[in-house]
Amino acid sequence: DELLDTFYFVGQLMGVAMRTRNLLNLDLPSMVWKSLIGMELDEEDLKATDFSCWNALQFRDHDGQAITATTFEELLHDVRFTCCLTDGCEVALLPDGSSIPVTYQRRDEYARLVMKARLCESESQLSKMRCGLCSVIPEQLLGFMTWEELERRVCGSPEVDISSLKRHTQYRQGVDKNSPHIKMFWEVLESFCQADRRLFLRFAWGRERLPLESEYTMDHDMKVFPSDRGEGDNVLPEAETCFFIIKLPRYRTKELMHDNLYAAITACREINY
């Protein structure tokens, strides 16, 4: 139907991203990438997508200890062999599961069935996405890739490597890569955590991931220009996201560079601010 066609289209976009090296700004869980390469899902995938569900299936108390049979009957006496899916629908895990109580002795069976139901609930959508992907790239290619490799080829690396960004940076209109404020700029970026590095990329480029080192092109290079707003310590950096341009004032200290850059990436998230 029309909704499944949307997943097919997303798969096609992934294939186009791989062929053209125009990365997609997607943050998808491991179960998506594993399904696309035909890899079996496990409880780690449920843990990554629905921690609360996974945690409940461990049957442990607030101290992290396994609950006893007595405690199980007290707390979970009304649980049946049913499961609530992401869309809110309740499904039976066994024939007439809504009338079968989950006992302490059958708790592992219940956990296994819930995990299977949750991991398989998106099977048709992910299958359609895989069909879309394989309409653009050879299906055999997926057999040679890990799910992490597929994710990086479609979306880039989830870790923002500042040394890689530095290697692929151009300096324009008289900006000297050895000037004090440029050195401070790189030191500040190195000090940022991964979340703040992604914010910087979003501010400067409208994306949150860098390409793979082997897939850089000139269009992926960051360009550093002098500020259009003067060199005052209260002037924020500017960005032109369409061209991956950052315009830096010549701040006097590293602290000023840090504070102004951080203010820009956290408060100014519109394109071309």
# chains A, B, ... in the order shown; residues from 1 in each chain; ligands from 1
>>> residues_around(residues="range 239-255 of chain A", least_positions_apart="2", cutoff="8 Å", atoms="only C-alpha atoms", output="ChimeraX atom specification")
/A:181,184-185,188,203-206,219-233,235-237,257-259,271-273
>>> write_last_selection(atoms="N, CA, C and O atoms", output="compact mmCIF listing (two decimals), in the first residue's frame")
# COMPACT_ATOMS: atom_id res chain seq x y z
N HIS A 181 43.81 32.41 16.37
CA HIS A 181 42.38 32.13 16.57
C HIS A 181 41.97 30.84 15.86
O HIS A 181 41.05 30.16 16.32
N MET A 184 43.05 28.08 18.18
CA MET A 184 42.11 28.00 19.30
C MET A 184 40.81 27.32 18.86
O MET A 184 40.22 26.53 19.61
N PHE A 185 40.39 27.60 17.64
CA PHE A 185 39.18 27.00 17.09
C PHE A 185 39.27 25.47 17.10
O PHE A 185 38.37 24.78 17.57
N VAL A 188 39.25 24.02 20.63
CA VAL A 188 37.90 24.03 21.20
C VAL A 188 37.08 22.87 20.63
O VAL A 188 36.39 22.15 21.37
N PHE A 203 25.25 23.11 12.72
CA PHE A 203 25.29 24.56 12.59
C PHE A 203 26.01 24.98 11.31
O PHE A 203 25.55 25.87 10.58
N ALA A 204 27.14 24.31 11.02
CA ALA A 204 27.98 24.74 9.90
C ALA A 204 27.58 24.12 8.57
O ALA A 204 27.86 24.69 7.52
N TRP A 205 26.91 22.93 8.61
CA TRP A 205 26.69 22.18 7.37
C TRP A 205 25.27 21.66 7.23
O TRP A 205 24.87 21.16 6.18
N GLY A 206 24.48 21.73 8.30
CA GLY A 206 23.13 21.19 8.23
C GLY A 206 23.09 19.68 8.34
O GLY A 206 22.06 19.06 8.08
N ASP A 219 33.36 19.01 -2.36
CA ASP A 219 32.13 19.58 -1.81
C ASP A 219 31.99 19.30 -0.32
O ASP A 219 31.20 19.96 0.36
N HIS A 220 32.72 18.30 0.16
CA HIS A 220 32.64 17.95 1.57
C HIS A 220 33.61 18.75 2.43
O HIS A 220 33.59 18.64 3.66
N ASP A 221 34.50 19.53 1.81
CA ASP A 221 35.48 20.31 2.58
C ASP A 221 34.81 21.48 3.30
O ASP A 221 33.97 22.18 2.72
N MET A 222 35.20 21.70 4.54
CA MET A 222 34.73 22.88 5.26
C MET A 222 35.58 24.08 4.83
O MET A 222 36.79 23.94 4.62
N LYS A 223 34.94 25.23 4.68
CA LYS A 223 35.64 26.45 4.31
C LYS A 223 35.56 27.45 5.46
O LYS A 223 34.47 27.74 5.96
N VAL A 224 36.72 27.96 5.87
CA VAL A 224 36.79 28.94 6.96
C VAL A 224 37.06 30.31 6.38
O VAL A 224 38.07 30.53 5.70
N PHE A 225 36.16 31.24 6.67
CA PHE A 225 36.27 32.62 6.19
C PHE A 225 36.39 33.57 7.40
O PHE A 225 36.01 33.21 8.51
N PRO A 226 36.89 34.79 7.17
CA PRO A 226 36.85 35.79 8.25
C PRO A 226 35.41 36.22 8.50
O PRO A 226 34.53 36.05 7.65
N SER A 227 35.17 36.78 9.65
CA SER A 227 33.82 37.21 10.02
C SER A 227 33.37 38.41 9.21
O SER A 227 34.15 39.31 8.91
N ASP A 228 32.08 38.43 8.85
CA ASP A 228 31.49 39.58 8.17
C ASP A 228 30.99 40.62 9.17
O ASP A 228 30.60 41.71 8.79
N ARG A 229 31.01 40.26 10.45
CA ARG A 229 30.40 41.12 11.47
C ARG A 229 31.44 41.81 12.35
O ARG A 229 31.11 42.35 13.39
N GLY A 230 32.69 41.77 11.95
CA GLY A 230 33.72 42.41 12.75
C GLY A 230 34.44 41.42 13.63
O GLY A 230 34.20 40.21 13.57
N GLU A 231 35.35 41.94 14.45
CA GLU A 231 36.21 41.07 15.24
C GLU A 231 35.97 41.20 16.75
O GLU A 231 36.79 40.82 17.55
N GLY A 232 34.84 41.75 17.14
CA GLY A 232 34.56 41.94 18.57
C GLY A 232 34.39 40.63 19.30
O GLY A 232 33.96 39.62 18.74
N ASP A 233 34.70 40.64 20.59
CA ASP A 233 34.59 39.43 21.41
C ASP A 233 33.15 38.99 21.63
O ASP A 233 32.90 37.86 22.04
N VAL A 235 30.88 39.06 19.15
CA VAL A 235 30.34 38.67 17.84
C VAL A 235 30.35 37.15 17.73
O VAL A 235 31.38 36.51 17.97
N LEU A 236 29.21 36.59 17.38
CA LEU A 236 29.13 35.13 17.24
C LEU A 236 29.63 34.67 15.87
O LEU A 236 29.56 35.42 14.90
N PRO A 237 30.12 33.44 15.78
CA PRO A 237 30.47 32.88 14.47
C PRO A 237 29.23 32.79 13.59
O PRO A 237 28.10 32.69 14.08
N MET A 257 36.58 31.97 22.46
CA MET A 257 36.28 31.12 21.32
C MET A 257 35.30 30.03 21.72
O MET A 257 34.31 29.76 21.02
N HIS A 258 35.55 29.38 22.85
CA HIS A 258 34.68 28.30 23.32
C HIS A 258 33.27 28.81 23.59
O HIS A 258 32.28 28.24 23.11
N ASP A 259 33.17 29.89 24.36
CA ASP A 259 31.86 30.37 24.79
C ASP A 259 31.02 30.85 23.61
O ASP A 259 29.82 30.57 23.53
N ILE A 271 19.17 27.45 9.23
CA ILE A 271 20.12 27.47 8.13
C ILE A 271 20.57 28.91 7.84
O ILE A 271 19.78 29.84 7.87
N ASN A 272 21.89 29.05 7.57
CA ASN A 272 22.48 30.35 7.20
C ASN A 272 22.25 31.41 8.24
O ASN A 272 21.82 32.52 7.96
N TYR A 273 22.53 31.07 9.52
CA TYR A 273 22.36 32.09 10.56
C TYR A 273 23.57 33.03 10.53
O TYR A 273 24.71 32.58 10.51
>>> closest_atom_pairs(of="range 4-60 of chain A", to="range 134-138 of chain A", cutoff="8 Å", atoms="only C-alpha atoms", output="Markdown table")
| residue | atom | partner | partner_atom | distance |
| --- | --- | --- | --- | --- |
| A:Gly11 | CA | A:Cys134 | CA | 7.8 |
| A:Gln12 | CA | A:Val136 | CA | 6.1 |
| A:Gly15 | CA | A:Val136 | CA | 5.2 |
| A:Val16 | CA | A:Val136 | CA | 6.7 |
| A:Arg19 | CA | A:Ile137 | CA | 7.8 |
>>> write_last_selection(atoms="all heavy atoms", output="compact mmCIF listing (two decimals), in the first residue's frame")
# COMPACT_ATOMS: atom_id res chain seq x y z
N GLY A 11 14.38 3.23 1.06
CA GLY A 11 15.42 2.30 0.65
C GLY A 11 16.12 2.77 -0.61
O GLY A 11 17.36 2.68 -0.74
N GLN A 12 15.35 3.29 -1.56
CA GLN A 12 15.95 3.82 -2.78
C GLN A 12 16.85 5.01 -2.48
O GLN A 12 17.94 5.14 -3.06
CB GLN A 12 14.86 4.24 -3.76
CG GLN A 12 14.11 3.08 -4.40
CD GLN A 12 13.08 3.54 -5.41
OE1 GLN A 12 12.27 4.43 -5.12
NE2 GLN A 12 13.10 2.95 -6.60
N GLY A 15 20.14 3.81 -1.33
CA GLY A 15 20.96 3.35 -2.45
C GLY A 15 21.56 4.52 -3.21
O GLY A 15 22.75 4.48 -3.59
N VAL A 16 20.78 5.56 -3.43
CA VAL A 16 21.28 6.75 -4.12
C VAL A 16 22.39 7.40 -3.30
O VAL A 16 23.41 7.86 -3.85
CB VAL A 16 20.13 7.74 -4.38
CG1 VAL A 16 20.68 9.08 -4.89
CG2 VAL A 16 19.14 7.16 -5.37
N ARG A 19 25.56 5.50 -3.88
CA ARG A 19 26.13 5.66 -5.21
C ARG A 19 26.69 7.06 -5.43
O ARG A 19 27.72 7.23 -6.10
CB ARG A 19 25.07 5.36 -6.27
CG ARG A 19 24.81 3.87 -6.48
CD ARG A 19 23.97 3.64 -7.72
NE ARG A 19 23.82 2.22 -8.03
CZ ARG A 19 24.69 1.49 -8.71
NH1 ARG A 19 25.81 2.06 -9.15
NH2 ARG A 19 24.47 0.22 -8.97
>>> atom_distance(atom1="CA of Leu201 in chain A", atom2="CA of Pro158 in chain A")
11.9 Å
>>> closest_residue(among="A:Ile182, A:Leu94, A:Arg112, A:Thr49", to="Asp27 in chain A", atoms="only C-alpha atoms")
A:Thr49
>>> select_by_dssp(residues="range 100-254 of chain A", states="helix (DSSP H, G or I)", output="PyMOL selection string")
chain A and resi 104-120+123-134+139-142+147-155+162-167+180-191+194-205+213-215+218-220+241-243+254
>>> closest_residue(among="A:Arg130, A:Arg107, A:Arg60, A:Arg80", to="Asp5 in chain A", atoms="only C-alpha atoms")
A:Arg130
>>> residues_around(residues="Tyr104 in chain A", least_positions_apart="3", cutoff="9 Å", atoms="only C-alpha atoms", output="ChimeraX atom specification")
/A:68-70,72-73,107-108
>>> write_last_selection(atoms="all heavy atoms", output="PDB file, in the first residue's frame")
ATOM      1  N   THR A  68      11.839 -13.268  43.095  1.00  0.00           N
ATOM      2  CA  THR A  68      11.506 -14.630  43.509  1.00  0.00           C
ATOM      3  C   THR A  68      10.132 -15.019  42.966  1.00  0.00           C
ATOM      4  O   THR A  68       9.382 -14.175  42.458  1.00  0.00           O
ATOM      5  CB  THR A  68      11.501 -14.737  45.038  1.00  0.00           C
ATOM      6  OG1 THR A  68      10.452 -13.882  45.541  1.00  0.00           O
ATOM      7  CG2 THR A  68      12.836 -14.303  45.621  1.00  0.00           C
ATOM      8  N   ALA A  69       9.811 -16.301  43.103  1.00  0.00           N
ATOM      9  CA  ALA A  69       8.504 -16.788  42.648  1.00  0.00           C
ATOM     10  C   ALA A  69       7.372 -16.071  43.385  1.00  0.00           C
ATOM     11  O   ALA A  69       6.349 -15.720  42.793  1.00  0.00           O
ATOM     12  CB  ALA A  69       8.413 -18.298  42.857  1.00  0.00           C
ATOM     13  N   THR A  70       7.574 -15.863  44.692  1.00  0.00           N
ATOM     14  CA  THR A  70       6.543 -15.182  45.490  1.00  0.00           C
ATOM     15  C   THR A  70       6.330 -13.761  45.017  1.00  0.00           C
ATOM     16  O   THR A  70       5.194 -13.302  44.816  1.00  0.00           O
ATOM     17  CB  THR A  70       6.932 -15.182  46.976  1.00  0.00           C
ATOM     18  OG1 THR A  70       7.105 -16.527  47.422  1.00  0.00           O
ATOM     19  CG2 THR A  70       5.864 -14.491  47.810  1.00  0.00           C
ATOM     20  N   PHE A  72       7.086 -12.534  42.111  1.00  0.00           N
ATOM     21  CA  PHE A  72       6.552 -12.582  40.756  1.00  0.00           C
ATOM     22  C   PHE A  72       5.026 -12.681  40.788  1.00  0.00           C
ATOM     23  O   PHE A  72       4.327 -11.954  40.084  1.00  0.00           O
ATOM     24  CB  PHE A  72       7.143 -13.774  39.999  1.00  0.00           C
ATOM     25  CG  PHE A  72       6.761 -13.834  38.547  1.00  0.00           C
ATOM     26  CD1 PHE A  72       7.580 -13.279  37.582  1.00  0.00           C
ATOM     27  CD2 PHE A  72       5.566 -14.431  38.146  1.00  0.00           C
ATOM     28  CE1 PHE A  72       7.226 -13.333  36.243  1.00  0.00           C
ATOM     29  CE2 PHE A  72       5.205 -14.483  36.816  1.00  0.00           C
ATOM     30  CZ  PHE A  72       6.042 -13.931  35.861  1.00  0.00           C
ATOM     31  N   GLU A  73       4.512 -13.592  41.626  1.00  0.00           N
ATOM     32  CA  GLU A  73       3.064 -13.782  41.706  1.00  0.00           C
ATOM     33  C   GLU A  73       2.377 -12.552  42.279  1.00  0.00           C
ATOM     34  O   GLU A  73       1.263 -12.197  41.894  1.00  0.00           O
ATOM     35  CB  GLU A  73       2.749 -15.019  42.560  1.00  0.00           C
ATOM     36  CG  GLU A  73       3.269 -16.327  41.979  1.00  0.00           C
ATOM     37  CD  GLU A  73       2.685 -16.629  40.614  1.00  0.00           C
ATOM     38  OE1 GLU A  73       1.562 -16.162  40.322  1.00  0.00           O
ATOM     39  OE2 GLU A  73       3.351 -17.320  39.827  1.00  0.00           O
ATOM     40  N   ARG A 107       8.081 -17.779  32.751  1.00  0.00           N
ATOM     41  CA  ARG A 107       8.510 -16.400  32.522  1.00  0.00           C
ATOM     42  C   ARG A 107       9.517 -16.292  31.364  1.00  0.00           C
ATOM     43  O   ARG A 107       9.462 -15.339  30.578  1.00  0.00           O
ATOM     44  CB  ARG A 107       9.104 -15.795  33.792  1.00  0.00           C
ATOM     45  CG  ARG A 107      10.432 -16.395  34.243  1.00  0.00           C
ATOM     46  CD  ARG A 107      10.797 -15.914  35.644  1.00  0.00           C
ATOM     47  NE  ARG A 107      12.129 -16.364  36.036  1.00  0.00           N
ATOM     48  CZ  ARG A 107      12.424 -17.604  36.438  1.00  0.00           C
ATOM     49  NH1 ARG A 107      11.456 -18.521  36.491  1.00  0.00           N
ATOM     50  NH2 ARG A 107      13.659 -17.927  36.792  1.00  0.00           N
ATOM     51  N   ASP A 108      10.425 -17.269  31.238  1.00  0.00           N
ATOM     52  CA  ASP A 108      11.406 -17.227  30.152  1.00  0.00           C
ATOM     53  C   ASP A 108      10.729 -17.415  28.792  1.00  0.00           C
ATOM     54  O   ASP A 108      11.116 -16.780  27.800  1.00  0.00           O
ATOM     55  CB  ASP A 108      12.476 -18.297  30.365  1.00  0.00           C
ATOM     56  CG  ASP A 108      13.389 -17.981  31.544  1.00  0.00           C
ATOM     57  OD1 ASP A 108      13.461 -16.791  31.924  1.00  0.00           O
ATOM     58  OD2 ASP A 108      14.018 -18.908  32.088  1.00  0.00           O
TER      59      ASP A 108
END
>>> closest_residue(among="A:Leu141, A:Cys53, A:Val114, A:Met31", to="Thr82 in chain A", atoms="only C-alpha atoms")
A:Val114
>>> atom_distance(atom1="CA of Ala92 in chain A", atom2="CA of Glu40 in chain A")
22.8 Å
>>> residues_around(residues="Phe192 in chain A", least_positions_apart="2", cutoff="12 Å", atoms="only C-alpha atoms", output="list in words")
Val160, Asp161, Ile162, Phe185, Trp186, Glu187, Val188, Leu189, Glu190, Gln194, Ala195, Asp196, Arg197, Arg198, Leu199, Phe200, Leu201, His258, Asp259, Leu261, Tyr262 and Ile265 of chain A
>>> residues_around(residues="Thr146 in chain A", least_positions_apart="5", cutoff="10 Å", atoms="only C-alpha atoms", output="PDB file with N, CA, C and O atoms, in the first residue's frame")
ATOM      1  N   TRP A  33      19.506  -1.500  10.177  1.00  0.00           N
ATOM      2  CA  TRP A  33      20.664  -1.837   9.345  1.00  0.00           C
ATOM      3  C   TRP A  33      20.873  -3.352   9.280  1.00  0.00           C
ATOM      4  O   TRP A  33      21.221  -3.888   8.219  1.00  0.00           O
ATOM      5  N   LYS A  34      20.660  -4.028  10.399  1.00  0.00           N
ATOM      6  CA  LYS A  34      20.798  -5.484  10.406  1.00  0.00           C
ATOM      7  C   LYS A  34      19.769  -6.126   9.476  1.00  0.00           C
ATOM      8  O   LYS A  34      20.078  -7.070   8.736  1.00  0.00           O
ATOM      9  N   ILE A  37      20.702  -5.968   5.746  1.00  0.00           N
ATOM     10  CA  ILE A  37      21.710  -6.896   5.219  1.00  0.00           C
ATOM     11  C   ILE A  37      21.316  -8.351   5.486  1.00  0.00           C
ATOM     12  O   ILE A  37      22.083  -9.273   5.201  1.00  0.00           O
ATOM     13  N   MET A  39      20.617  -9.771   8.491  1.00  0.00           N
ATOM     14  CA  MET A  39      21.214 -10.292   9.710  1.00  0.00           C
ATOM     15  C   MET A  39      20.130 -10.533  10.761  1.00  0.00           C
ATOM     16  O   MET A  39      19.166  -9.772  10.884  1.00  0.00           O
ATOM     17  N   GLU A 151      25.629   1.379   7.498  1.00  0.00           N
ATOM     18  CA  GLU A 151      25.230   2.642   8.112  1.00  0.00           C
ATOM     19  C   GLU A 151      26.190   3.769   7.740  1.00  0.00           C
ATOM     20  O   GLU A 151      25.772   4.877   7.386  1.00  0.00           O
TER      21      GLU A 151
END
